[in-house]
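One file, my_file28.pdb, carrying PDB, C-alpha atoms:
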ATOM      1  CA  MET A   1       0.000   0.000   0.000  1.00  0.00           C
ATOM      2  CA  ASN A   2       1.295   3.441  -0.921  1.00  0.00           C
ATOM      3  CA  GLN A   3       1.894   5.357   2.305  1.00  0.00           C
ATOM      4  CA  ASN A   4       1.659   8.699   0.490  1.00  0.00           C
ATOM      5  CA  ILE A   5      -2.023   8.283  -0.332  1.00  0.00           C
ATOM      6  CA  LEU A   6      -4.243  10.378   1.920  1.00  0.00           C
ATOM      7  CA  PRO A   7      -7.555   9.037   3.289  1.00  0.00           C
ATOM      8  CA  SER A   8      -9.352  11.937   1.556  1.00  0.00           C
ATOM      9  CA  GLU A   9      -8.058  10.593  -1.785  1.00  0.00           C
ATOM     10  CA  ILE A  10      -9.726   7.229  -1.165  1.00  0.00           C
ATOM     11  CA  PHE A  11     -12.813   8.381   0.751  1.00  0.00           C
ATOM     12  CA  THR A  12     -13.991  11.572  -0.986  1.00  0.00           C
ATOM     13  CA  PRO A  13     -17.014  13.699  -0.031  1.00  0.00           C
ATOM     14  CA  ILE A  14     -19.059  14.353  -3.164  1.00  0.00           C
ATOM     15  CA  CYS A  15     -22.204  16.240  -2.173  1.00  0.00           C
ATOM     16  CA  ALA A  16     -24.299  17.018   0.888  1.00  0.00           C
ATOM     17  CA  ILE A  17     -27.687  18.018   2.168  1.00  0.00           C
ATOM     18  CA  SER A  18     -26.760  20.561   4.835  1.00  0.00           C
ATOM     19  CA  PRO A  19     -28.447  20.169   8.216  1.00  0.00           C
ATOM     20  CA  GLN A  20     -31.950  21.540   7.820  1.00  0.00           C
ATOM     21  CA  VAL A  21     -34.867  22.285  10.086  1.00  0.00           C
ATOM     22  CA  ILE A  22     -38.061  21.543   8.187  1.00  0.00           C
ATOM     23  CA  ASN A  23     -41.589  22.200   9.433  1.00  0.00           C
ATOM     24  CA  VAL A  24     -43.617  21.218   6.345  1.00  0.00           C
ATOM     25  CA  ALA A  25     -43.843  18.238   4.019  1.00  0.00           C
ATOM     26  CA  THR A  26     -40.990  18.476   1.545  1.00  0.00           C
ATOM     27  CA  ASP A  27     -38.796  16.605  -0.902  1.00  0.00           C
ATOM     28  CA  THR A  28     -35.133  17.717  -0.669  1.00  0.00           C
ATOM     29  CA  SER A  29     -32.416  16.647  -3.110  1.00  0.00           C
ATOM     30  CA  THR A  30     -28.843  17.536  -3.915  1.00  0.00           C
ATOM     31  CA  ALA A  31     -27.712  18.379  -7.417  1.00  0.00           C
ATOM     32  CA  PHE A  32     -26.845  15.361  -9.565  1.00  0.00           C
ATOM     33  CA  PHE A  33     -23.190  14.299  -9.664  1.00  0.00           C
ATOM     34  CA  ASP A  34     -21.466  12.332 -12.426  1.00  0.00           C
ATOM     35  CA  ILE A  35     -20.119   9.086 -10.940  1.00  0.00           C
ATOM     36  CA  GLN A  36     -17.527   8.283 -13.599  1.00  0.00           C
ATOM     37  CA  HIS A  37     -14.557   8.907 -11.263  1.00  0.00           C
ATOM     38  CA  PHE A  38     -15.563   6.450  -8.517  1.00  0.00           C
ATOM     39  CA  GLN A  39     -16.107   2.734  -8.104  1.00  0.00           C
ATOM     40  CA  SER A  40     -18.328   2.616  -5.016  1.00  0.00           C
ATOM     41  CA  PHE A  41     -20.303   4.978  -2.798  1.00  0.00           C
ATOM     42  CA  LEU A  42     -21.692   5.477   0.704  1.00  0.00           C
ATOM     43  CA  ALA A  43     -24.621   7.771   1.462  1.00  0.00           C
ATOM     44  CA  VAL A  44     -24.867   8.762   5.136  1.00  0.00           C
ATOM     45  CA  PHE A  45     -28.091  10.350   6.371  1.00  0.00           C
ATOM     46  CA  SER A  46     -28.476  11.722   9.910  1.00  0.00           C
ATOM     47  CA  ILE A  47     -31.721  12.143  11.829  1.00  0.00           C
ATOM     48  CA  GLY A  48     -31.844  14.858  14.468  1.00  0.00           C
ATOM     49  CA  VAL A  49     -34.413  15.566  17.152  1.00  0.00           C
ATOM     50  CA  GLY A  50     -37.825  15.791  15.640  1.00  0.00           C
ATOM     51  CA  ASN A  51     -41.241  14.399  15.349  1.00  0.00           C
ATOM     52  CA  ALA A  52     -41.668  13.484  11.710  1.00  0.00           C
ATOM     53  CA  SER A  53     -44.813  11.819  10.523  1.00  0.00           C
ATOM     54  CA  LEU A  54     -42.742  10.090   7.809  1.00  0.00           C
ATOM     55  CA  LEU A  55     -39.104  10.365   6.802  1.00  0.00           C
ATOM     56  CA  ARG A  56     -37.505   8.500   3.874  1.00  0.00           C
ATOM     57  CA  PHE A  57     -33.939   8.527   2.530  1.00  0.00           C
ATOM     58  CA  LYS A  58     -32.803   7.406  -0.906  1.00  0.00           C
ATOM     59  CA  VAL A  59     -30.260   7.762  -3.683  1.00  0.00           C
ATOM     60  CA  LEU A  60     -31.564   8.772  -7.109  1.00  0.00           C
ATOM     61  CA  GLN A  61     -29.953   8.013 -10.446  1.00  0.00           C
ATOM     62  CA  GLY A  62     -30.227  10.542 -13.235  1.00  0.00           C
ATOM     63  CA  LYS A  63     -29.368  11.292 -16.859  1.00  0.00           C
ATOM     64  CA  PHE A  64     -29.455  14.184 -19.337  1.00  0.00           C
ATOM     65  CA  ASN A  65     -30.816  14.323 -22.895  1.00  0.00           C
ATOM     66  CA  PRO A  66     -33.616  13.970 -22.017  1.00  0.00           C
ATOM     67  CA  PHE A  67     -33.400  14.582 -18.282  1.00  0.00           C
ATOM     68  CA  ALA A  68     -34.846  11.786 -16.178  1.00  0.00           C
ATOM     69  CA  SER A  69     -34.367  10.440 -12.662  1.00  0.00           C
ATOM     70  CA  LYS A  70     -35.453   7.345 -10.792  1.00  0.00           C
ATOM     71  CA  ASP A  71     -34.648   5.325  -7.696  1.00  0.00           C
ATOM     72  CA  ILE A  72     -31.720   2.929  -7.671  1.00  0.00           C
ATOM     73  CA  PRO A  73     -33.377  -0.459  -7.043  1.00  0.00           C
ATOM     74  CA  GLY A  74     -32.873  -1.565  -3.441  1.00  0.00           C
ATOM     75  CA  LYS A  75     -31.247   1.733  -2.397  1.00  0.00           C
ATOM     76  CA  VAL A  76     -34.250   3.311  -0.660  1.00  0.00           C
ATOM     77  CA  SER A  77     -34.678   3.308   3.118  1.00  0.00           C
ATOM     78  CA  ALA A  78     -37.778   2.232   4.933  1.00  0.00           C
ATOM     79  CA  TYR A  79     -40.176   4.952   6.053  1.00  0.00           C
ATOM     80  CA  TYR A  80     -39.281   6.183   9.531  1.00  0.00           C
ATOM     81  CA  ALA A  81     -42.271   7.322  11.548  1.00  0.00           C
ATOM     82  CA  GLY A  82     -42.444   9.189  14.804  1.00  0.00           C
ATOM     83  CA  GLY A  83     -40.248  11.244  17.015  1.00  0.00           C
ATOM     84  CA  LEU A  84     -37.477  10.880  19.481  1.00  0.00           C
ATOM     85  CA  SER A  85     -36.761   7.165  19.008  1.00  0.00           C
ATOM     86  CA  TYR A  86     -34.786   8.020  15.845  1.00  0.00           C
ATOM     87  CA  ALA A  87     -32.993  11.140  17.172  1.00  0.00           C
ATOM     88  CA  GLY A  88     -29.247  10.797  16.748  1.00  0.00           C
ATOM     89  CA  LYS A  89     -29.575   7.816  14.388  1.00  0.00           C
ATOM     90  CA  HIS A  90     -28.061   7.359  10.935  1.00  0.00           C
ATOM     91  CA  VAL A  91     -29.098   5.573   7.754  1.00  0.00           C
ATOM     92  CA  LEU A  92     -26.285   4.215   5.565  1.00  0.00           C
ATOM     93  CA  ILE A  93     -26.831   3.257   1.927  1.00  0.00           C
ATOM     94  CA  ASN A  94     -23.992   1.478   0.084  1.00  0.00           C
ATOM     95  CA  PHE A  95     -23.986   1.164  -3.702  1.00  0.00           C
ATOM     96  CA  ASN A  96     -21.664   0.656  -6.658  1.00  0.00           C
ATOM     97  CA  ALA A  97     -21.475   2.318 -10.049  1.00  0.00           C
ATOM     98  CA  LYS A  98     -22.739  -0.953 -11.568  1.00  0.00           C
ATOM     99  CA  ASP A  99     -26.051  -0.549  -9.636  1.00  0.00           C
ATOM    100  CA  LEU A 100     -27.082   2.265 -11.989  1.00  0.00           C
ATOM    101  CA  ASP A 101     -28.983   1.659 -15.217  1.00  0.00           C
ATOM    102  CA  ALA A 102     -25.989   2.418 -17.462  1.00  0.00           C
ATOM    103  CA  ASP A 103     -27.690   0.875 -20.500  1.00  0.00           C
ATOM    104  CA  GLY A 104     -30.490   3.422 -20.054  1.00  0.00           C
ATOM    105  CA  GLY A 105     -27.976   6.303 -19.914  1.00  0.00           C
ATOM    106  CA  PHE A 106     -28.107   6.817 -16.125  1.00  0.00           C
ATOM    107  CA  ARG A 107     -24.658   7.851 -14.846  1.00  0.00           C
ATOM    108  CA  MET A 108     -25.374  10.520 -12.221  1.00  0.00           C
ATOM    109  CA  VAL A 109     -26.567  10.293  -8.621  1.00  0.00           C
ATOM    110  CA  ALA A 110     -28.209  12.601  -6.071  1.00  0.00           C
ATOM    111  CA  LEU A 111     -29.284  12.283  -2.452  1.00  0.00           C
ATOM    112  CA  ASN A 112     -32.966  12.658  -1.631  1.00  0.00           C
ATOM    113  CA  VAL A 113     -34.934  13.058   1.609  1.00  0.00           C
ATOM    114  CA  SER A 114     -38.746  13.024   1.690  1.00  0.00           C
ATOM    115  CA  THR A 115     -40.703  14.119   4.741  1.00  0.00           C
ATOM    116  CA  GLY A 116     -44.348  13.607   5.601  1.00  0.00           C
ATOM    117  CA  SER A 117     -46.801  16.245   6.755  1.00  0.00           C
ATOM    118  CA  THR A 118     -44.622  17.695   9.532  1.00  0.00           C
ATOM    119  CA  LEU A 119     -41.047  17.286  10.598  1.00  0.00           C
ATOM    120  CA  ASN A 120     -40.223  19.793  13.328  1.00  0.00           C
ATOM    121  CA  GLY A 121     -36.718  18.448  13.377  1.00  0.00           C
ATOM    122  CA  ILE A 122     -33.359  18.245  11.695  1.00  0.00           C
ATOM    123  CA  PHE A 123     -31.896  15.947   9.050  1.00  0.00           C
ATOM    124  CA  SER A 124     -28.802  15.960   6.852  1.00  0.00           C
ATOM    125  CA  GLY A 125     -27.035  13.739   4.356  1.00  0.00           C
ATOM    126  CA  MET A 126     -23.653  13.291   2.720  1.00  0.00           C
ATOM    127  CA  LEU A 127     -22.459  11.204  -0.205  1.00  0.00           C
ATOM    128  CA  PHE A 128     -18.927   9.775  -0.274  1.00  0.00           C
ATOM    129  CA  GLY A 129     -17.116   8.214  -3.229  1.00  0.00           C
ATOM    130  CA  TYR A 130     -14.529   5.456  -2.803  1.00  0.00           C
ATOM    131  CA  ASN A 131     -11.573   4.377  -4.906  1.00  0.00           C
ATOM    132  CA  ALA A 132     -11.368   7.396  -7.174  1.00  0.00           C
ATOM    133  CA  ARG A 133     -10.058   6.697 -10.646  1.00  0.00           C
ATOM    134  CA  HIS A 134      -7.160   8.913 -11.721  1.00  0.00           C
ATOM    135  CA  ARG A 135      -7.456  11.006  -8.529  1.00  0.00           C
ATOM    136  CA  PRO A 136      -9.938  13.590  -9.844  1.00  0.00           C
ATOM    137  CA  ASN A 137      -9.447  17.189  -8.788  1.00  0.00           C
ATOM    138  CA  LEU A 138     -12.947  17.717  -7.423  1.00  0.00           C
ATOM    139  CA  GLN A 139     -14.152  21.281  -7.008  1.00  0.00           C
ATOM    140  CA  LEU A 140     -16.807  20.702  -4.355  1.00  0.00           C
ATOM    141  CA  SER A 141     -18.504  23.799  -3.049  1.00  0.00           C
ATOM    142  CA  SER A 142     -19.392  22.023   0.211  1.00  0.00           C
ATOM    143  CA  ILE A 143     -15.717  21.382   1.101  1.00  0.00           C
ATOM    144  CA  GLU A 144     -14.058  24.383   2.719  1.00  0.00           C
ATOM    145  CA  SER A 145     -10.614  22.812   3.043  1.00  0.00           C
ATOM    146  CA  ILE A 146      -8.733  19.516   3.190  1.00  0.00           C
ATOM    147  CA  ILE A 147      -5.930  19.555   5.738  1.00  0.00           C
ATOM    148  CA  VAL A 148      -3.015  17.175   5.158  1.00  0.00           C
TER     149      VAL A 148
END

Would you mind writing the file out in structure tokens?
Amino acid sequence: MNQNILPSEIFTPICAISPQVINVATDTSTAFFDIQHFQSFLAVFSIGVGNASLLRFKVLQGKFNPFASKDIPGKVSAYYAGGLSYAGKHVLINFNAKDLDADGGFRMVALNVSTGSTLNGIFSGMLFGYNARHRPNLQLSSIESIIV
């Protein structure tokens, strides 16, 4: 193993849903990100204090020309219902580039959180890419700095 490789070169943050307080039913997504530079991915969603009627986390796959998006089969969480029992919990969704419908032109991903009628709480999400090909120089607006 090359000792000069930094963990941030193997485990790279791609996009995020910043911590949000939501008080109405909503569907929140990140922008779509082209996955061509990575082999596998981990989506991490966090549930804060709240009393959601329903809360669901998933990873969407998307394409351009024409634009379309859809769920990645098997990469959708269960619906989480009710309050404090989920506070401080996380939902992890693992997937690989091969899980996308490449034959249908889908090669981008986005995080998505759907809430029911009320949330009164906080949630966030972050997508990480693993095993970057050719060490891409990612210009991620959500990353302030990487300290080595």

Quiz item: Counting all atoms listed in the file, which of A:Tyr80, A:Phe64, A:Phe95, A:Phe11 gets nearest to Ala132 of chain A?
Solution: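 Residue with the minimum atom-to-atom distance to Ala132 of chain A: A:Phe11.
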
Quiz item: Residues picked by the PyMOL selection byres ((chain A and resi 31) around 9) here, as a list in words?
Solution: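 Those residues are Cys15, Ser29, Thr30, Phe32, Phe33, Val109, Ala110 and Leu111 of chain A.
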
Quiz item: Leaving out Phe106 of chain A and any residue of its chain fewer than 2 positions from it, which residues lie within 9 Å of it when counting only C-alpha atoms, given as a PyMOL selection string?
Solution: chain A and resi 61-64+68-69+100-104+108-109

Practice problem: Fewer than 3 positions away in the same chain doesn't count, so skip those; otherwise give me all residues within 7 Å of Thr115 of chain A, counting only C-alpha atoms, as a PyMOL selection string. | Solution: chain A and resi 25-27+54-56+119

Quiz item: Of the residues A:Ile93, A:Val113, A:Ile147, A:Ile22, which is the one nearest to Phe57 of chain A, using all atoms listed in the file?
Solution: A:Val113

Practice problem: Grab the atom CA of Ile72 of chain A to atom CA of Asp99 of chain A distance for me, in Å with one decimal place. | Solution: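 These two atoms are separated by 6.9 Å.
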
Quiz prompt | Residues returned when the PyMOL selection byres ((chain A and resi 131) around 6) runs on this file, as number ranges by chain | solution = A: 10, 38-39, 130, 132

Take the residues from that selection and write them out as a PDB file, in the coordinates of the input, keeping C-alpha atoms.
ATOM      1  CA  ILE A  10      -9.726   7.229  -1.165  1.00  0.00           C
ATOM      2  CA  PHE A  38     -15.563   6.450  -8.517  1.00  0.00           C
ATOM      3  CA  GLN A  39     -16.107   2.734  -8.104  1.00  0.00           C
ATOM      4  CA  TYR A 130     -14.529   5.456  -2.803  1.00  0.00           C
ATOM      5  CA  ALA A 132     -11.368   7.396  -7.174  1.00  0.00           C
TER       6      ALA A 132
END
